[in-house]
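Report on the following structure.
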Amino acid sequence: MTFRACAIIPTHNHWRVLPEIAATLAGNGLPVIIIDDGSDPAAAESIAVLNAPALGVEVVRHPVNRGKGTAVIEGFRLAQARGFTHAIQVDADGQHDLARLPDLLAAARAHPDALVSGAPIYDGSIPTGRKIGRWITHIWVFIETLSFRITDSMCGFRAYPLAATIKLLDAEKIGERMDFDTDIMVRLFWRGMPPLMLPVKVIYPPGNSSNFDLWRDNVRISWMHTRLVLTLLARLPWILANRPPRLDKPAHWAALEERGAHWGLRFCATLYRRLGSGVALSLISPVVLYFHLSGKIQRLASRDYLCRVLGREPSRLEAFRHMLDFAARALETFGAWSGAIPSSALEVETPETLAAMSADPRGRLLVVSHHGNADLSRALMSPELRRRLTILVHTSHAENYNRLLRQFSPEAAERTVQVTEIGPDTAIQLRDRIEQGEWIAIAGDRVPVLSEGRTVEAPFLGAPAPFSQGPWILAALLACPVSLLFCRRTERQTWRLSLEPFFDEAFEPPRKEREAAIAAATARYAERLEQECRRAPWQWYNFFDFWSQEGKR
């Protein structure tokens, strides 16, 4: 069936930003249906003038307010009657970043049977009461779905497959007001519709009015959760039999969704800071076990890696240990940046090498990896070296983790450059930093957006694996020396920092020899990384199919 989508905007007295929202939706090729749910006369008049069928905007009015859920449901039925396959729900209050609309549409086209929903990323404008209320609903939804896959059930920025949605509406009564968004999402999940969560920035604009009735809507939501829990108990075998499938494995590691809500990560980090690593890790072990059992992509990738590095099939306990070690790494990073881990915990393997590099006025490229904890080494190194270091990062796939890290230590976000959008201007900026004697750090064991699909195969743990050419292309562009940085945890709960020269002089191969030079550099790096993996096999944290040919894309 051909993908045909329209937009549905339910509104009650929200009209100020409605023209801009409708124009943005229409500009993305979406016919727009605005459901005016009993707005007051002045607002209704402003909404009515937007009716322009020739321009693809239709306004439907309810004489009296019947509730957000009722308005959206009517929009669904109108959309299906007009031959649309999908409905894009957008709230009328202007809180959602519509720059993500093309991504929402692309995800709905790629997964036409999924409910694609915004996963809000809030700034400081969210009221504390609303934040607490959302957390409570998140916990209940985790219970009602027996899953953490729905990270936010209250976002009014979604793409619904209409056929399955209308089938649900014909069979069951769904909340008609502010209980609608959560109610329908949970029930669609029960019927086997997979959720696909799309991070989207959400703000509470100054002067923004809310239709949320503090007492009535909280009572409705409480009653909704009561009904959902009772229904879960009554239909448990049927619900378990209809568990939504996992969506296909993404072709690139950056497309893997971040797992774990922001509040959950913050709770874990707070446990570490107040109770220490051992107690915190013990308390979160059941949560890590859940993610291990439910994360098929990550679990299979871990098993594949462990088979290669151990030379045998890992036991189930060993496979879980790998995931638990990754959780420990995350907690240790928070601990280092928050001051819970002292700088004395970082031991330098070759102090003379570090001293020589520190005294060298030249800038250099540092190639790091996802083995050990390079970010912890940055937190524990001297302030002078930290100010000299710039990190190239890819954070969009781990927004919750990085946002929390910034909250624990604003310094953690300083001197970082997002590589997904690097271009000529950024390259010039990096060259200027090198000329000023700074160090630029980039990961060598992933295929980031910076590489633009350019990879070279190198032997790694017994099989060819695609490695990014990005670090070596960047080294040639910057015309600077190159060093490797590794930081692994020891059995004594200290960390060993290894800084070693890779190219003592500037990496400037002649153009005709550049391809061969990059291949040779990649092979040397892969060999050195393999040594670290064999020395500390549990400390490599690339939970995707590293050897897959799809990783080249």
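As shown in the structure tokens, the chain order sets the letters A, B, ...; within each chain, residues go from 1, and ligands are also counted from 1 in the order they appear.
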
Fill in: Residue contacts of A:Ser39 (9 Å, only C-alpha atoms) excluding same-chain residues fewer than 3 positions away, as a list in words
Thr11, His12, Asn13, His14, Asp36, Ala42, Ala43, Ala44, Glu45, Ile47, Arg61, His62, Pro63, Val64 and Asn65 of chain A

Discussion item. Among stretch 16-88 of chain A, which ones does DSSP assign to strand (DSSP E) (computed from the backbone)? Answer as a ChimeraX atom specification.
Written reply: /A:32-37,57-62,86-88

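In this structure, atom CA of A:Thr137 sits 24.3 Å away from atom CA of A:Ala171.
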
Response to the item:
Nearest to A:Pro53, restricted to only C-alpha atoms and choosing among A:Ile34, A:Leu168, A:Arg66, A:Arg492, comes out as A:Ile34

Contact residues around stretch 72-89 of chain A with only C-alpha atoms at 10 Å, ignoring same-chain residues under 3 positions, as a compact mmCIF listing (two decimals) with N, CA and C atoms, in the first residue's frame:
```txt
# COMPACT_ATOMS: atom_id res chain seq x y z
N MET A 1 0.84 -1.19 0.00
CA MET A 1 0.00 0.00 0.00
C MET A 1 0.88 1.25 0.00
N THR A 2 0.54 2.22 -0.82
CA THR A 2 1.30 3.45 -0.90
C THR A 2 1.16 4.27 0.36
N PHE A 3 2.27 4.77 0.85
CA PHE A 3 2.26 5.59 2.07
C PHE A 3 1.64 6.95 1.75
N ARG A 4 0.54 7.27 2.44
CA ARG A 4 -0.13 8.57 2.30
C ARG A 4 -0.45 9.09 3.69
N ALA A 5 0.12 10.21 4.03
CA ALA A 5 -0.04 10.74 5.38
C ALA A 5 -0.67 12.13 5.34
N CYS A 6 -1.43 12.42 6.37
CA CYS A 6 -1.93 13.77 6.60
C CYS A 6 -1.64 14.13 8.05
N ALA A 7 -1.80 15.39 8.38
CA ALA A 7 -1.55 15.86 9.74
C ALA A 7 -2.87 16.19 10.43
N ILE A 8 -2.93 15.86 11.71
CA ILE A 8 -4.10 16.18 12.53
C ILE A 8 -3.64 17.05 13.70
N ILE A 9 -4.28 18.19 13.85
CA ILE A 9 -3.94 19.11 14.94
C ILE A 9 -5.18 19.32 15.80
N PRO A 10 -5.22 18.73 17.00
CA PRO A 10 -6.32 19.04 17.92
C PRO A 10 -6.01 20.35 18.66
N THR A 11 -7.01 21.20 18.81
CA THR A 11 -6.74 22.46 19.49
C THR A 11 -7.96 22.91 20.30
N LEU A 25 3.68 22.08 8.39
CA LEU A 25 3.17 20.76 7.99
C LEU A 25 2.85 20.73 6.50
N LEU A 30 2.10 17.72 3.68
CA LEU A 30 1.04 17.06 4.44
C LEU A 30 -0.27 17.86 4.36
N PRO A 31 -1.35 17.28 3.88
CA PRO A 31 -2.67 17.90 4.08
C PRO A 31 -2.94 18.01 5.57
N VAL A 32 -3.57 19.08 6.00
CA VAL A 32 -3.73 19.36 7.41
C VAL A 32 -5.21 19.39 7.79
N ILE A 33 -5.57 18.65 8.84
CA ILE A 33 -6.92 18.69 9.40
C ILE A 33 -6.81 19.26 10.81
N ILE A 34 -7.40 20.44 11.04
CA ILE A 34 -7.40 21.07 12.36
C ILE A 34 -8.75 20.80 13.01
N ILE A 35 -8.74 20.20 14.19
CA ILE A 35 -9.97 19.94 14.93
C ILE A 35 -10.07 20.97 16.04
N ASP A 37 -11.67 22.04 19.05
CA ASP A 37 -12.48 21.33 20.03
C ASP A 37 -13.13 22.33 21.00
N VAL A 60 -12.21 21.74 11.17
CA VAL A 60 -13.45 21.11 11.62
C VAL A 60 -13.70 21.59 13.05
N GLY A 67 -12.90 17.12 24.46
CA GLY A 67 -11.68 16.47 24.91
C GLY A 67 -10.70 16.21 23.77
N LYS A 68 -9.41 16.26 24.13
CA LYS A 68 -8.35 16.07 23.13
C LYS A 68 -8.47 14.71 22.43
N GLY A 69 -8.72 13.67 23.23
CA GLY A 69 -8.81 12.34 22.64
C GLY A 69 -9.92 12.24 21.61
N ALA A 92 -1.10 21.63 19.22
CA ALA A 92 -1.21 23.00 18.70
C ALA A 92 -0.52 24.04 19.57
N LEU A 101 10.25 16.85 11.97
CA LEU A 101 9.15 16.30 11.18
C LEU A 101 9.63 15.44 10.02
N LEU A 104 10.49 12.13 11.42
CA LEU A 104 9.29 11.38 11.81
C LEU A 104 8.65 10.73 10.59
N LEU A 105 8.53 11.48 9.51
CA LEU A 105 7.94 10.94 8.29
C LEU A 105 8.80 9.83 7.70
N ALA A 108 8.29 6.71 9.70
CA ALA A 108 6.98 6.10 9.43
C ALA A 108 6.97 5.39 8.09
N ARG A 109 7.64 5.97 7.09
CA ARG A 109 7.72 5.30 5.78
C ARG A 109 8.53 4.01 5.88
N PRO A 112 6.14 1.21 8.38
CA PRO A 112 4.73 1.63 8.27
C PRO A 112 3.80 0.99 9.29
N ASP A 113 4.23 -0.09 9.93
CA ASP A 113 3.37 -0.75 10.92
C ASP A 113 3.71 -0.34 12.36
N LEU A 115 4.23 2.55 15.55
CA LEU A 115 3.80 3.84 16.07
C LEU A 115 5.07 4.65 16.35
N VAL A 116 5.32 5.65 15.51
CA VAL A 116 6.50 6.49 15.68
C VAL A 116 6.11 7.66 16.57
N SER A 117 6.79 7.79 17.70
CA SER A 117 6.39 8.79 18.68
C SER A 117 7.59 9.60 19.14
N CYS A 155 3.71 12.19 24.71
CA CYS A 155 4.10 13.18 23.71
C CYS A 155 3.06 13.25 22.59
N GLY A 156 2.62 14.47 22.25
CA GLY A 156 1.63 14.66 21.20
C GLY A 156 2.24 14.94 19.84
N PHE A 157 3.30 14.21 19.50
CA PHE A 157 3.99 14.34 18.21
C PHE A 157 4.25 12.93 17.72
N ARG A 158 3.35 12.41 16.85
CA ARG A 158 3.35 10.99 16.53
C ARG A 158 2.91 10.73 15.09
N ALA A 159 3.25 9.52 14.62
CA ALA A 159 2.76 9.03 13.34
C ALA A 159 2.03 7.71 13.59
N TYR A 160 0.72 7.68 13.31
CA TYR A 160 -0.11 6.50 13.55
C TYR A 160 -0.42 5.77 12.25
N PRO A 161 -0.24 4.45 12.20
CA PRO A 161 -0.81 3.66 11.09
C PRO A 161 -2.32 3.58 11.29
N LEU A 162 -3.08 4.08 10.33
CA LEU A 162 -4.51 4.28 10.56
C LEU A 162 -5.31 2.98 10.63
N ALA A 163 -5.00 2.01 9.78
CA ALA A 163 -5.82 0.80 9.74
C ALA A 163 -5.84 0.10 11.10
N ALA A 164 -4.66 -0.13 11.68
CA ALA A 164 -4.59 -0.81 12.97
C ALA A 164 -5.16 0.06 14.09
N THR A 165 -4.96 1.37 13.97
CA THR A 165 -5.46 2.28 15.01
C THR A 165 -6.98 2.32 15.02
N ILE A 166 -7.58 2.41 13.85
CA ILE A 166 -9.05 2.42 13.76
C ILE A 166 -9.63 1.08 14.24
N LEU A 169 -9.79 1.33 17.90
CA LEU A 169 -10.85 2.26 18.32
C LEU A 169 -12.23 1.65 18.17
N ILE A 174 -11.26 4.28 24.37
CA ILE A 174 -9.99 4.93 24.70
C ILE A 174 -10.28 6.25 25.40
N GLU A 176 -10.76 9.93 26.42
CA GLU A 176 -11.22 10.99 25.53
C GLU A 176 -10.57 12.33 25.79
N ARG A 177 -9.81 12.44 26.88
CA ARG A 177 -9.21 13.75 27.19
C ARG A 177 -7.70 13.59 27.34
N PHE A 180 -5.73 10.30 26.75
CA PHE A 180 -5.76 9.65 25.44
C PHE A 180 -4.39 9.14 25.00
N ASP A 181 -3.38 10.00 25.02
CA ASP A 181 -2.08 9.66 24.43
C ASP A 181 -1.48 8.40 25.04
```

Discussion item. For A:Arg321, find every residue with an atom within 8 Å (counting only C-alpha atoms), except residues of its own chain fewer than 4 positions away, and show them as a ChimeraX atom specification.
Written reply: /A:317,325,538

Could you turn the residues from that selection into a file that holds all heavy atoms, as a JSON list (two decimals), in the first residue's frame?
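As written to disk, selection20.json reads:
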```json
[["chain", "number", "residue", "atom", "x", "y", "z"],
["A", 317, "LEU", "N", 26.40, -16.35, 31.91],
["A", 317, "LEU", "CA", 26.86, -15.46, 32.97],
["A", 317, "LEU", "C", 27.95, -14.52, 32.45],
["A", 317, "LEU", "O", 27.97, -13.33, 32.80],
["A", 317, "LEU", "CB", 27.39, -16.28, 34.14],
["A", 317, "LEU", "CG", 27.81, -15.49, 35.38],
["A", 317, "LEU", "CD1", 26.62, -14.70, 35.94],
["A", 317, "LEU", "CD2", 28.38, -16.43, 36.45],
["A", 325, "ASP", "N", 29.59, -4.88, 33.01],
["A", 325, "ASP", "CA", 30.83, -4.11, 32.99],
["A", 325, "ASP", "C", 30.62, -2.77, 32.28],
["A", 325, "ASP", "O", 31.18, -1.75, 32.67],
["A", 325, "ASP", "CB", 31.92, -4.91, 32.28],
["A", 325, "ASP", "CG", 33.31, -4.45, 32.67],
["A", 325, "ASP", "OD1", 33.85, -3.54, 32.01],
["A", 325, "ASP", "OD2", 33.86, -5.00, 33.63],
["A", 538, "TRP", "N", 36.70, -7.78, 28.70],
["A", 538, "TRP", "CA", 35.36, -7.33, 29.07],
["A", 538, "TRP", "C", 35.18, -5.83, 28.88],
["A", 538, "TRP", "O", 34.08, -5.31, 29.08],
["A", 538, "TRP", "CB", 35.06, -7.70, 30.53],
["A", 538, "TRP", "CG", 35.38, -9.12, 30.83],
["A", 538, "TRP", "CD1", 36.45, -9.59, 31.52],
["A", 538, "TRP", "CD2", 34.64, -10.27, 30.41],
["A", 538, "TRP", "NE1", 36.43, -10.96, 31.57],
["A", 538, "TRP", "CE2", 35.32, -11.41, 30.89],
["A", 538, "TRP", "CE3", 33.46, -10.45, 29.68],
["A", 538, "TRP", "CZ2", 34.88, -12.70, 30.66],
["A", 538, "TRP", "CZ3", 33.02, -11.74, 29.46],
["A", 538, "TRP", "CH2", 33.72, -12.85, 29.94]]
```

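Residue nearest A:Ser285, chosen from A:Ala345, A:Leu324, A:Ala241, A:Leu430 and counting only C-alpha atoms: A:Leu324.
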
Item to complete: Determine which residues of stretch 149-200 of chain A DSSP labels as alpha helix (DSSP H) from the backbone of this structure, then write them out as a list of chain:residue names.
Response: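 The alpha helix (DSSP H) subset of stretch 149-200 of chain A is A:Leu162, A:Ala163, A:Ala164, A:Thr165, A:Ile166, A:Lys167, A:Leu168, A:Leu169, A:Asp170, A:Ala171, A:Phe180, A:Asp181, A:Thr182, A:Asp183, A:Ile184, A:Met185, A:Val186, A:Arg187, A:Leu188, A:Phe189, A:Trp190.
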
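Of note, atom CA of A:Gly29 and atom CA of A:Ala107 are spaced 15.7 Å apart.
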
Worksheet item: Can you list, as a VMD selection string, every protein, DNA or RNA residue that comes within 12 Å of A:Arg511 when you count only C-alpha atoms, leaving out same-chain residues fewer than 4 positions away?
Response: chain A and resid 473 476 to 477 507 515 to 518

Could you turn the residues from that selection into a file that holds C-alpha atoms, as a compact mmCIF listing (two decimals), in the first residue's frame?
```txt
# COMPACT_ATOMS: atom_id res chain seq x y z
CA ILE A 473 42.10 11.36 6.65
CA ALA A 476 46.54 14.09 6.86
CA LEU A 477 44.29 17.14 6.67
CA PHE A 507 51.11 12.25 8.82
CA GLU A 515 45.27 5.10 0.10
CA ALA A 516 48.01 2.59 0.91
CA ALA A 517 49.23 4.69 3.85
CA ILE A 518 45.71 4.86 5.32
```

Using only C-alpha atoms, find each residue in stretch 510-549 of chain A having at least one atom no more than 7 Å away from stretch 299-316 of chain A; report its shortest atom-to-atom pair and that distance in Å (one decimal), rows by chain then rising number, as CSV.
```
residue,atom,partner,partner_atom,distance
A:Arg534,CA,A:Val309,CA,6.1
A:Pro537,CA,A:Val309,CA,6.5
A:Phe543,CA,A:Ala301,CA,5.5
A:Phe544,CA,A:Ala301,CA,5.1
A:Asp545,CA,A:Ala301,CA,5.1
```

Next, write the just-selected residues to a file, as a CSV table (one decimal), in the first residue's frame, keeping all heavy atoms as the atom set.
```csv
chain,number,residue,atom,x,y,z
A,534,ARG,N,42.4,-8.2,24.1
A,534,ARG,CA,42.8,-9.5,24.6
A,534,ARG,C,43.4,-9.3,26.1
A,534,ARG,O,43.2,-10.2,26.9
A,534,ARG,CB,43.9,-10.1,23.7
A,534,ARG,CG,43.3,-10.5,22.4
A,534,ARG,CD,44.3,-11.5,21.6
A,534,ARG,NE,43.8,-11.8,20.3
A,534,ARG,CZ,42.8,-12.7,20.0
A,534,ARG,NH1,42.3,-13.3,21.0
A,534,ARG,NH2,42.5,-12.9,18.8
A,537,PRO,N,39.4,-8.3,28.1
A,537,PRO,CA,38.4,-8.6,27.1
A,537,PRO,C,37.0,-8.0,27.4
A,537,PRO,O,36.2,-7.8,26.5
A,537,PRO,CB,38.3,-10.1,27.0
A,537,PRO,CG,39.0,-10.5,28.3
A,537,PRO,CD,40.0,-9.5,28.7
A,543,PHE,N,28.5,-2.4,21.1
A,543,PHE,CA,27.4,-3.3,21.2
A,543,PHE,C,26.6,-3.3,19.8
A,543,PHE,O,25.4,-3.0,19.8
A,543,PHE,CB,26.5,-3.1,22.4
A,543,PHE,CG,27.2,-3.4,23.7
A,543,PHE,CD1,27.8,-2.4,24.4
A,543,PHE,CD2,27.2,-4.7,24.1
A,543,PHE,CE1,28.4,-2.8,25.6
A,543,PHE,CE2,27.9,-5.1,25.3
A,543,PHE,CZ,28.5,-4.1,26.1
A,544,PHE,N,27.3,-3.5,18.7
A,544,PHE,CA,26.7,-3.6,17.4
A,544,PHE,C,27.6,-4.6,16.6
A,544,PHE,O,28.7,-5.0,17.0
A,544,PHE,CB,26.5,-2.3,16.7
A,544,PHE,CG,27.8,-1.7,16.3
A,544,PHE,CD1,28.3,-1.8,15.0
A,544,PHE,CD2,28.6,-1.0,17.2
A,544,PHE,CE1,29.5,-1.2,14.6
A,544,PHE,CE2,29.8,-0.4,16.9
A,544,PHE,CZ,30.3,-0.5,15.6
A,545,ASP,N,27.1,-5.0,15.5
A,545,ASP,CA,27.8,-6.0,14.7
A,545,ASP,C,29.0,-5.4,14.0
A,545,ASP,O,28.9,-4.9,12.9
A,545,ASP,CB,26.8,-6.6,13.7
A,545,ASP,CG,27.5,-7.8,12.9
A,545,ASP,OD1,28.6,-8.1,13.2
A,545,ASP,OD2,26.8,-8.5,12.1
```

Item to complete: Between A:Ala54, A:Ala114, A:Ala379, A:Ala234, single out the one closest to A:Arg191, counting only C-alpha atoms.
Response: A:Ala114

Item to complete: Please provide as a ChimeraX atom specification all residues within 9 Å of A:Ile221, with the sequence filter that same-chain residues fewer than 5 positions apart are discarded (counting only C-alpha atoms).
Response: /A:137,175,178-180,182-183,216,226

Mind writing the picked residues with N, CA and C atoms as a PDB file, in the first residue's frame?
```pdb
ATOM      1  N   THR A 137       3.899   8.524  35.385  1.00  0.00           N
ATOM      2  CA  THR A 137       3.262   7.815  34.271  1.00  0.00           C
ATOM      3  C   THR A 137       4.243   6.878  33.581  1.00  0.00           C
ATOM      4  N   GLY A 175      -9.391   6.661  26.275  1.00  0.00           N
ATOM      5  CA  GLY A 175      -9.545   7.916  26.987  1.00  0.00           C
ATOM      6  C   GLY A 175      -9.839   9.076  26.043  1.00  0.00           C
ATOM      7  N   MET A 178      -7.107  14.113  28.396  1.00  0.00           N
ATOM      8  CA  MET A 178      -5.663  14.073  28.523  1.00  0.00           C
ATOM      9  C   MET A 178      -5.118  12.670  28.800  1.00  0.00           C
ATOM     10  N   ASP A 179      -5.999  11.723  29.010  1.00  0.00           N
ATOM     11  CA  ASP A 179      -5.581  10.336  29.183  1.00  0.00           C
ATOM     12  C   ASP A 179      -5.429   9.605  27.850  1.00  0.00           C
ATOM     13  N   PHE A 180      -5.731  10.296  26.748  1.00  0.00           N
ATOM     14  CA  PHE A 180      -5.760   9.647  25.441  1.00  0.00           C
ATOM     15  C   PHE A 180      -4.388   9.140  24.996  1.00  0.00           C
ATOM     16  N   THR A 182      -1.505   8.301  26.357  1.00  0.00           N
ATOM     17  CA  THR A 182      -0.949   7.120  27.018  1.00  0.00           C
ATOM     18  C   THR A 182      -1.817   5.898  26.797  1.00  0.00           C
ATOM     19  N   ASP A 183      -3.117   6.061  26.930  1.00  0.00           N
ATOM     20  CA  ASP A 183      -4.052   4.939  26.808  1.00  0.00           C
ATOM     21  C   ASP A 183      -3.919   4.245  25.460  1.00  0.00           C
ATOM     22  N   ARG A 216      -8.924  17.236  37.727  1.00  0.00           N
ATOM     23  CA  ARG A 216      -9.738  16.322  36.921  1.00  0.00           C
ATOM     24  C   ARG A 216      -8.880  15.422  36.044  1.00  0.00           C
ATOM     25  N   THR A 226      -5.310   2.509  36.443  1.00  0.00           N
ATOM     26  CA  THR A 226      -5.999   1.418  37.155  1.00  0.00           C
ATOM     27  C   THR A 226      -6.628   0.457  36.160  1.00  0.00           C
TER      28      THR A 226
END
```

Worksheet item: Of the candidates A:Lys296, A:Lys173, A:His225, A:Arg446, which shows the shortest atom-to-atom distance to A:Thr70, using only C-alpha atoms?
Response: A:Lys173

Discussion item. At a cut-off of 10 Å, using only C-alpha atoms, what residues contact A:Val186? Leave out same-chain residues fewer than 4 positions from it and give the result as a PyMOL selection string.
Written reply: chain A and resi 141-142+144-145+150+153+181-182+190-191+193+195+228

Discussion item. Let me make sure I understand: among A:Glu20, A:Gly363, A:Thr353, A:Arg489, which one has the smallest atom-to-atom distance to A:Glu435 if we use only C-alpha atoms?
Written reply: A:Gly363

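Of the residues under consideration (A:Ala374, A:Ala327, A:Ala336, A:Ala526), A:Ala374 shows the shortest atom-to-atom contact distance to A:Leu497 when counting only C-alpha atoms.
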
Worksheet item: What does the distance between atom CA of A:Gly437 and atom CA of A:Arg524 come to in Å, to one decimal place?
Response: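 One can read the atom CA of A:Gly437 to atom CA of A:Arg524 distance as 25.5 Å.
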